[in-house]
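First the structure, in the form of structure tokens, and then the observations on it.
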2 protein chains.
Amino acid sequence: MYRERMTTRDWRPRYQVVAEEIRDQILNGDLGPGDALPSEPALSTQYDLSRTSVRNAIQQLKEWGLVRSERGRGNYVRPHRQRFIRKQPDLYQWEKNRVHLPDDERGQEGATEHQTGRPLSDLVIPAEYVTIEAGDELAEIFGVEAGTPMLERRYGTRTADEAAPLSLGRSWIVKETAAQNPDLLEAENEPWPGGTQHQLFTIGIELDRIEDRIIARAPTADEALRLELDPGTPVIVIRKTSFSTNGDVVEMADVVLPSDRAELHYMTSLERWT
Amino acid sequence: MYRERMTTRDWRPRYQVVAEEIRDQILNGDLGPGDALPSEPALSTQYDLSRTSVRNAIQQLKEWGLVRSERGRGNYVRPHRQRFIRKQPDLYQWEKNRVHLPDDERGQEGATEHQTGRPLSDLVIPAEYVTIEAGDELAEIFGVEAGTPMLERRYGTRTADEAAPLSLGRSWIVKETAAQNPDLLEAENEPWPGGTQHQLFTIGIELDRIEDRIIARAPTADEALRLELDPGTPVIVIRKTSFSTNGDVVEMADVVLPSDRAELHYMTSLERWT
DNA sequence: GAGTGGTCTAGACCACTGT
DNA sequence: CAGTGGTCTAGACCACTCC
């Protein structure tokens with residue numbers, strides 16, 4: 001049954017009104033992080049709406065990232081997950097500077113630790129290596145023929161104390177290039193002390209520049225599952241392309257980060273005026 | 001009425017199955033960009049599901065960014081919006097290099113045009129200036145007392161031919177600093193030839209570095225409206241902090257970009273090994 | 001067992017779009 | 001006008017959590 005229908009221009013659906021009212025309660029602190037919302041039947045009575053409409057309102061609050069549902073327990077104001085920070089250009093130069101250090105010293109701290117500020121022991125980085133044939137996209141990026149064998153590495157980063165990964169990554173390199181150092185073809189050698197730039201150094205490649213392309217999008221079902229994302233949480237995708245000093249693309253990587261936990265930092269140093 | 005209930009572990013709700021089936025049709029090309037999905041009543045009959053459940057499936061497809069709804073017309077496979085590219089560190093140095101050029105030369109091309117590659121005439125940048133008092137967050141960032149007057153500038157970028165803005169921005173500067181050149185306090189002087197770095201130059205400030213912090217999140221209702229975002233489309237937020245050569249924060253800005261259209265580029269040049 | 005959110009039904013009226 | 005998606009109702013059974 002429909003009640004009063006307004007003729008004013010700014011009619012809003014009633015579930016929207018409810019969503020905004022609860023949103024305001026969260027934003028001004030009447031409902032704090034971790035607090036339970038009234039149950040759906042309770043809200044249904046309170047606002048004189050069907051449960052379906054109340055669920056519409058809660059759906060809206062989830063899309064705003066303010067609420068999460070726990071089956072069998074209740075709807076809760078979403079606590080801000082602790083954000084981890086991924087420092088970028090600084091990181092790349094830092095990694096390059098360490099390439100020539102001896103193995104044992106390089107192994108003490110890797111790029112992920114440098115990026116996130118966590119100690120090495122917290123981080124588990126399972127890697128998986130497979131050989132694929134370059135599709136049209138990879139072929140164009142690397143400037144090779146489609147069908148060229150590529151080494152694809154898949155990995156995640158995570159802390160030992162939390163189940164959900166901090167990131168999911170895939171990287172590609174032309175297999176022929178990598179094969180110049182057979183150690184690079186074995187997943188068992190991960191984590192490689194000193195990271196990708198040292199791996200490339202062992203086959204005589206120096207990097208000149210790295211380009212990052214960043215987009216945000218909705219996660220795939222698989223990503224949502226593996227990163228334990230709440231519905232409506234976007235992911236940040238970094239496509240990192242590494243160029244050697246003679247202008248070739250030598251490595252490309254896609255890194256998927258959960259936007260509720262990740263934050264990227266880029267620092268630009270400007271030249272002084274003279 | 002419920003039908004067969006599986007006891008297998010991987011039970012999926014029927015709306016989920018429908019969503020995945022339609023998703024696959026889109027991904028393998030049976031449904032191309034811009035194509036209309038069957039109407040909701042039609043899907044309801046086709047899958048022997050209530051319209052509510054069909055709508056659940058379509059909601060899922062919207063969250064995946066694959067489908068958009070048009071009221072009174074139908075549900076459509078979402079054409080990929082053309083992405084525009086925002087180049088970052090390169091841009092900052094480019095802008096700094098132009099600070100000393102004469103006004104007329106500087107005015108010919110601004111930062112937004114340089115970033116997006118579109119001609120100047122396409123871009124309309126309405127700006128609004130207001131004076132606010134620094135809250136705790138701004139006060140801490142700028143190293144001033146809470147309550148200090150700040151100049152807040154709000155602006156958007158858009159093309160002349162499309163109604164939806166490319167970005168929404170707000171920037172802050174300590175009012176006392178800006179007041180050293182009274183021209184900076186007037187919104188009517190926008191667009192300022194040469195951008196922020198030239199504005200700062202007129203009051204004797206040289207920038208040393210710029211830090212960008214990037215997050216992705218769900219849009220606020222206001223942002224979704226102004227950027228004309230489809231439900232489920234995240235936004236990218238860049239918080240840009242500019243440091244002067246003597247280490248002070250002189251400007252801070254938040255830029256909100258629609259993730260269905262924007263892509264960020266960062267380029268890192270690495271020093272050569274000697 | 002009582003209470004929660006997740007899924008689902010079979011209807012209904014509405015505003016909007018096209019012809 | 002007929003057809004579409006948007007909103008809404010008043011129920012129902014389910015799996016899950018907590019006591």
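Within each chain, counting starts at residue 1; across the structure tokens, chains are named A, B, ... in the order shown, with ligands numbered 1 upward in that order.
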
- Enumerate as a PyMOL selection string the residues belonging to chain D that approach chain B to within 8 Å, with only C-alpha atoms (C1' of nucleotides) taken into account. chain D and resi 3-6+12-13

- Task: Show which residues sit within 8 Å of stretch 238-249 of chain B, as a ChimeraX atom specification. Count only C-alpha atoms (C1' of nucleotides), and ignore same-chain residues fewer than 5 positions away.
- Result: /B:141-143,205-215,254-256

- Item | Counting only C-alpha atoms (C1' of nucleotides), the option among B:Leu31, B:Val54, B:Ile22, B:Leu43 closest to chain C |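 Of all the options, B:Val54 lies closest to chain C.
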
- Item | Who sits within 12 Å of A:Ile26, only C-alpha atoms (C1' of nucleotides), same chain under 5 positions skipped, as a PyMOL selection string | chain A and resi 19-21+31-37+61+64-67+76-79

Based on the selection just made, write N, CA, C and O atoms of those residues as an mmCIF file, in the first residue's frame.
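Output file selection-v4.cif is given in full below:
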```cif
data_model
loop_
_atom_site.group_PDB
_atom_site.id
_atom_site.type_symbol
_atom_site.label_atom_id
_atom_site.label_comp_id
_atom_site.auth_asym_id
_atom_site.auth_seq_id
_atom_site.Cartn_x
_atom_site.Cartn_y
_atom_site.Cartn_z
ATOM 1 N N ALA A 19 17.933 5.661 4.600
ATOM 2 C CA ALA A 19 19.385 5.508 4.463
ATOM 3 C C ALA A 19 20.097 6.789 4.869
ATOM 4 O O ALA A 19 21.087 6.761 5.602
ATOM 5 N N GLU A 20 19.582 7.913 4.435
ATOM 6 C CA GLU A 20 20.244 9.182 4.763
ATOM 7 C C GLU A 20 20.151 9.484 6.245
ATOM 8 O O GLU A 20 21.082 10.023 6.837
ATOM 9 N N GLU A 21 19.017 9.108 6.840
ATOM 10 C CA GLU A 21 18.862 9.367 8.272
ATOM 11 C C GLU A 21 19.886 8.551 9.066
ATOM 12 O O GLU A 21 20.537 9.067 9.977
ATOM 13 N N LEU A 31 25.891 6.833 16.056
ATOM 14 C CA LEU A 31 26.247 5.421 15.886
ATOM 15 C C LEU A 31 27.751 5.361 15.617
ATOM 16 O O LEU A 31 28.212 5.925 14.619
ATOM 17 N N GLY A 32 28.475 4.721 16.493
ATOM 18 C CA GLY A 32 29.928 4.672 16.343
ATOM 19 C C GLY A 32 30.377 3.433 15.601
ATOM 20 O O GLY A 32 29.592 2.502 15.396
ATOM 21 N N PRO A 33 31.642 3.423 15.204
ATOM 22 C CA PRO A 33 32.198 2.262 14.505
ATOM 23 C C PRO A 33 31.995 0.988 15.325
ATOM 24 O O PRO A 33 32.269 0.984 16.525
ATOM 25 N N GLY A 34 31.496 -0.052 14.698
ATOM 26 C CA GLY A 34 31.300 -1.317 15.397
ATOM 27 C C GLY A 34 29.934 -1.452 16.040
ATOM 28 O O GLY A 34 29.538 -2.555 16.420
ATOM 29 N N ASP A 35 29.198 -0.357 16.181
ATOM 30 C CA ASP A 35 27.864 -0.442 16.777
ATOM 31 C C ASP A 35 26.923 -1.225 15.865
ATOM 32 O O ASP A 35 27.049 -1.181 14.647
ATOM 33 N N ALA A 36 25.979 -1.896 16.484
ATOM 34 C CA ALA A 36 24.965 -2.604 15.706
ATOM 35 C C ALA A 36 23.828 -1.653 15.363
ATOM 36 O O ALA A 36 23.416 -0.834 16.181
ATOM 37 N N LEU A 37 23.343 -1.763 14.135
ATOM 38 C CA LEU A 37 22.108 -1.059 13.782
ATOM 39 C C LEU A 37 20.949 -1.812 14.419
ATOM 40 O O LEU A 37 21.086 -2.985 14.763
ATOM 41 N N LEU A 61 23.403 1.954 2.266
ATOM 42 C CA LEU A 61 24.449 2.250 3.249
ATOM 43 C C LEU A 61 25.690 1.400 2.991
ATOM 44 O O LEU A 61 26.821 1.847 3.217
ATOM 45 N N TRP A 64 27.622 2.942 0.246
ATOM 46 C CA TRP A 64 28.370 4.095 0.737
ATOM 47 C C TRP A 64 29.566 3.667 1.593
ATOM 48 O O TRP A 64 30.347 4.502 2.036
ATOM 49 N N GLY A 65 29.660 2.390 1.871
ATOM 50 C CA GLY A 65 30.789 1.911 2.654
ATOM 51 C C GLY A 65 30.638 2.173 4.140
ATOM 52 O O GLY A 65 31.614 2.148 4.879
ATOM 53 N N LEU A 66 29.411 2.413 4.595
ATOM 54 C CA LEU A 66 29.222 2.778 5.999
ATOM 55 C C LEU A 66 28.805 1.595 6.862
ATOM 56 O O LEU A 66 28.957 1.649 8.079
ATOM 57 N N VAL A 67 28.267 0.569 6.243
ATOM 58 C CA VAL A 67 27.666 -0.523 7.014
ATOM 59 C C VAL A 67 28.104 -1.860 6.423
ATOM 60 O O VAL A 67 28.333 -1.962 5.218
ATOM 61 N N TYR A 76 26.203 -3.819 11.076
ATOM 62 C CA TYR A 76 27.095 -3.056 11.934
ATOM 63 C C TYR A 76 27.692 -1.851 11.213
ATOM 64 O O TYR A 76 27.961 -1.911 10.000
ATOM 65 N N VAL A 77 27.902 -0.807 11.959
ATOM 66 C CA VAL A 77 28.634 0.333 11.416
ATOM 67 C C VAL A 77 30.053 -0.137 11.163
ATOM 68 O O VAL A 77 30.692 -0.728 12.034
ATOM 69 N N ARG A 78 30.519 0.125 9.966
ATOM 70 C CA ARG A 78 31.786 -0.439 9.555
ATOM 71 C C ARG A 78 32.956 0.278 10.215
ATOM 72 O O ARG A 78 33.102 1.478 10.070
ATOM 73 N N PRO A 79 33.763 -0.460 10.959
ATOM 74 C CA PRO A 79 34.952 0.178 11.516
ATOM 75 C C PRO A 79 35.929 0.425 10.376
ATOM 76 O O PRO A 79 36.013 -0.366 9.449
#
```

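The gap separating atom CA of B:Ser44 from atom CA of B:Gln25 is 17.3 Å, in Å to one decimal.
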
- Message: At a cut-off of 8 Å, which residues of chain C touch chain A? Count only C-alpha atoms (C1' of nucleotides) and give the answer as a list in words.
- Response: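 So the contacting residues turn out to be DT4, DG5, DG6, DA12 and DC13 of chain C.
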
Store the residues picked out above in a file with all heavy atoms, as a compact mmCIF listing (two decimals), in the first residue's frame.
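What landed in selection_19.txt:
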```
# COMPACT_ATOMS: atom_id res chain seq x y z
P DT C 4 16.35 -9.81 16.26
OP1 DT C 4 16.71 -8.52 16.87
OP2 DT C 4 15.02 -10.06 15.67
O5' DT C 4 17.42 -10.14 15.14
C5' DT C 4 18.83 -10.04 15.43
C4' DT C 4 19.58 -10.61 14.26
O4' DT C 4 19.22 -12.00 14.14
C3' DT C 4 19.18 -10.02 12.92
O3' DT C 4 20.00 -8.93 12.60
C2' DT C 4 19.43 -11.16 11.94
C1' DT C 4 19.43 -12.40 12.81
N1 DT C 4 18.38 -13.40 12.46
C2 DT C 4 18.74 -14.44 11.68
O2 DT C 4 19.86 -14.60 11.23
N3 DT C 4 17.73 -15.33 11.40
C4 DT C 4 16.43 -15.26 11.85
O4 DT C 4 15.61 -16.12 11.56
C5 DT C 4 16.12 -14.14 12.67
C7 DT C 4 14.72 -13.97 13.20
C6 DT C 4 17.10 -13.27 12.94
P DG C 5 19.59 -8.03 11.37
OP1 DG C 5 20.33 -6.77 11.51
OP2 DG C 5 18.12 -8.02 11.29
O5' DG C 5 20.15 -8.83 10.12
C5' DG C 5 21.55 -8.91 9.92
C4' DG C 5 21.86 -9.97 8.88
O4' DG C 5 21.02 -11.12 9.14
C3' DG C 5 21.57 -9.56 7.44
O3' DG C 5 22.56 -10.17 6.61
C2' DG C 5 20.20 -10.15 7.19
C1' DG C 5 20.31 -11.46 7.97
N9 DG C 5 19.02 -12.00 8.35
C8 DG C 5 18.04 -11.40 9.08
N7 DG C 5 16.98 -12.15 9.25
C5 DG C 5 17.28 -13.32 8.58
C6 DG C 5 16.53 -14.51 8.41
O6 DG C 5 15.40 -14.76 8.83
N1 DG C 5 17.22 -15.45 7.64
C2 DG C 5 18.47 -15.27 7.12
N2 DG C 5 18.98 -16.28 6.41
N3 DG C 5 19.19 -14.17 7.28
C4 DG C 5 18.54 -13.24 8.02
P DG C 6 22.45 -10.06 4.98
OP1 DG C 6 23.83 -10.01 4.49
OP2 DG C 6 21.48 -9.02 4.65
O5' DG C 6 21.83 -11.48 4.55
C5' DG C 6 22.68 -12.61 4.49
C4' DG C 6 22.11 -13.63 3.53
O4' DG C 6 20.88 -14.14 4.06
C3' DG C 6 21.77 -13.07 2.15
O3' DG C 6 22.13 -14.03 1.16
C2' DG C 6 20.28 -12.84 2.22
C1' DG C 6 19.84 -13.99 3.12
N9 DG C 6 18.60 -13.72 3.84
C8 DG C 6 18.30 -12.59 4.56
N7 DG C 6 17.12 -12.63 5.11
C5 DG C 6 16.61 -13.86 4.74
C6 DG C 6 15.37 -14.47 5.04
O6 DG C 6 14.44 -14.03 5.72
N1 DG C 6 15.26 -15.73 4.45
C2 DG C 6 16.22 -16.33 3.69
N2 DG C 6 15.93 -17.55 3.20
N3 DG C 6 17.39 -15.77 3.40
C4 DG C 6 17.51 -14.55 3.96
P DA C 12 -2.37 -7.56 -8.82
OP1 DA C 12 -3.83 -7.62 -8.68
OP2 DA C 12 -1.71 -7.81 -10.11
O5' DA C 12 -1.87 -6.15 -8.28
C5' DA C 12 -2.15 -5.78 -6.94
C4' DA C 12 -1.32 -4.56 -6.58
O4' DA C 12 0.07 -4.94 -6.56
C3' DA C 12 -1.40 -3.45 -7.62
O3' DA C 12 -2.44 -2.54 -7.26
C2' DA C 12 -0.02 -2.80 -7.55
C1' DA C 12 0.83 -3.78 -6.77
N9 DA C 12 2.06 -4.17 -7.44
C8 DA C 12 2.25 -5.20 -8.33
N7 DA C 12 3.49 -5.30 -8.76
C5 DA C 12 4.15 -4.27 -8.12
C6 DA C 12 5.49 -3.84 -8.15
N6 DA C 12 6.44 -4.42 -8.88
N1 DA C 12 5.82 -2.78 -7.39
C2 DA C 12 4.88 -2.20 -6.65
N3 DA C 12 3.59 -2.51 -6.54
C4 DA C 12 3.29 -3.57 -7.30
P DC C 13 -3.00 -1.57 -8.36
OP1 DC C 13 -4.34 -1.15 -7.91
OP2 DC C 13 -2.79 -2.17 -9.71
O5' DC C 13 -2.02 -0.33 -8.23
C5' DC C 13 -1.93 0.36 -6.97
C4' DC C 13 -0.78 1.33 -7.04
O4' DC C 13 0.44 0.61 -7.29
C3' DC C 13 -0.90 2.36 -8.17
O3' DC C 13 -0.68 3.66 -7.64
C2' DC C 13 0.18 1.96 -9.17
C1' DC C 13 1.21 1.29 -8.26
N1 DC C 13 2.05 0.29 -8.97
C2 DC C 13 3.45 0.41 -8.93
O2 DC C 13 3.94 1.35 -8.30
N3 DC C 13 4.22 -0.49 -9.59
C4 DC C 13 3.64 -1.49 -10.25
N4 DC C 13 4.44 -2.36 -10.88
C5 DC C 13 2.22 -1.64 -10.30
C6 DC C 13 1.47 -0.74 -9.66
```
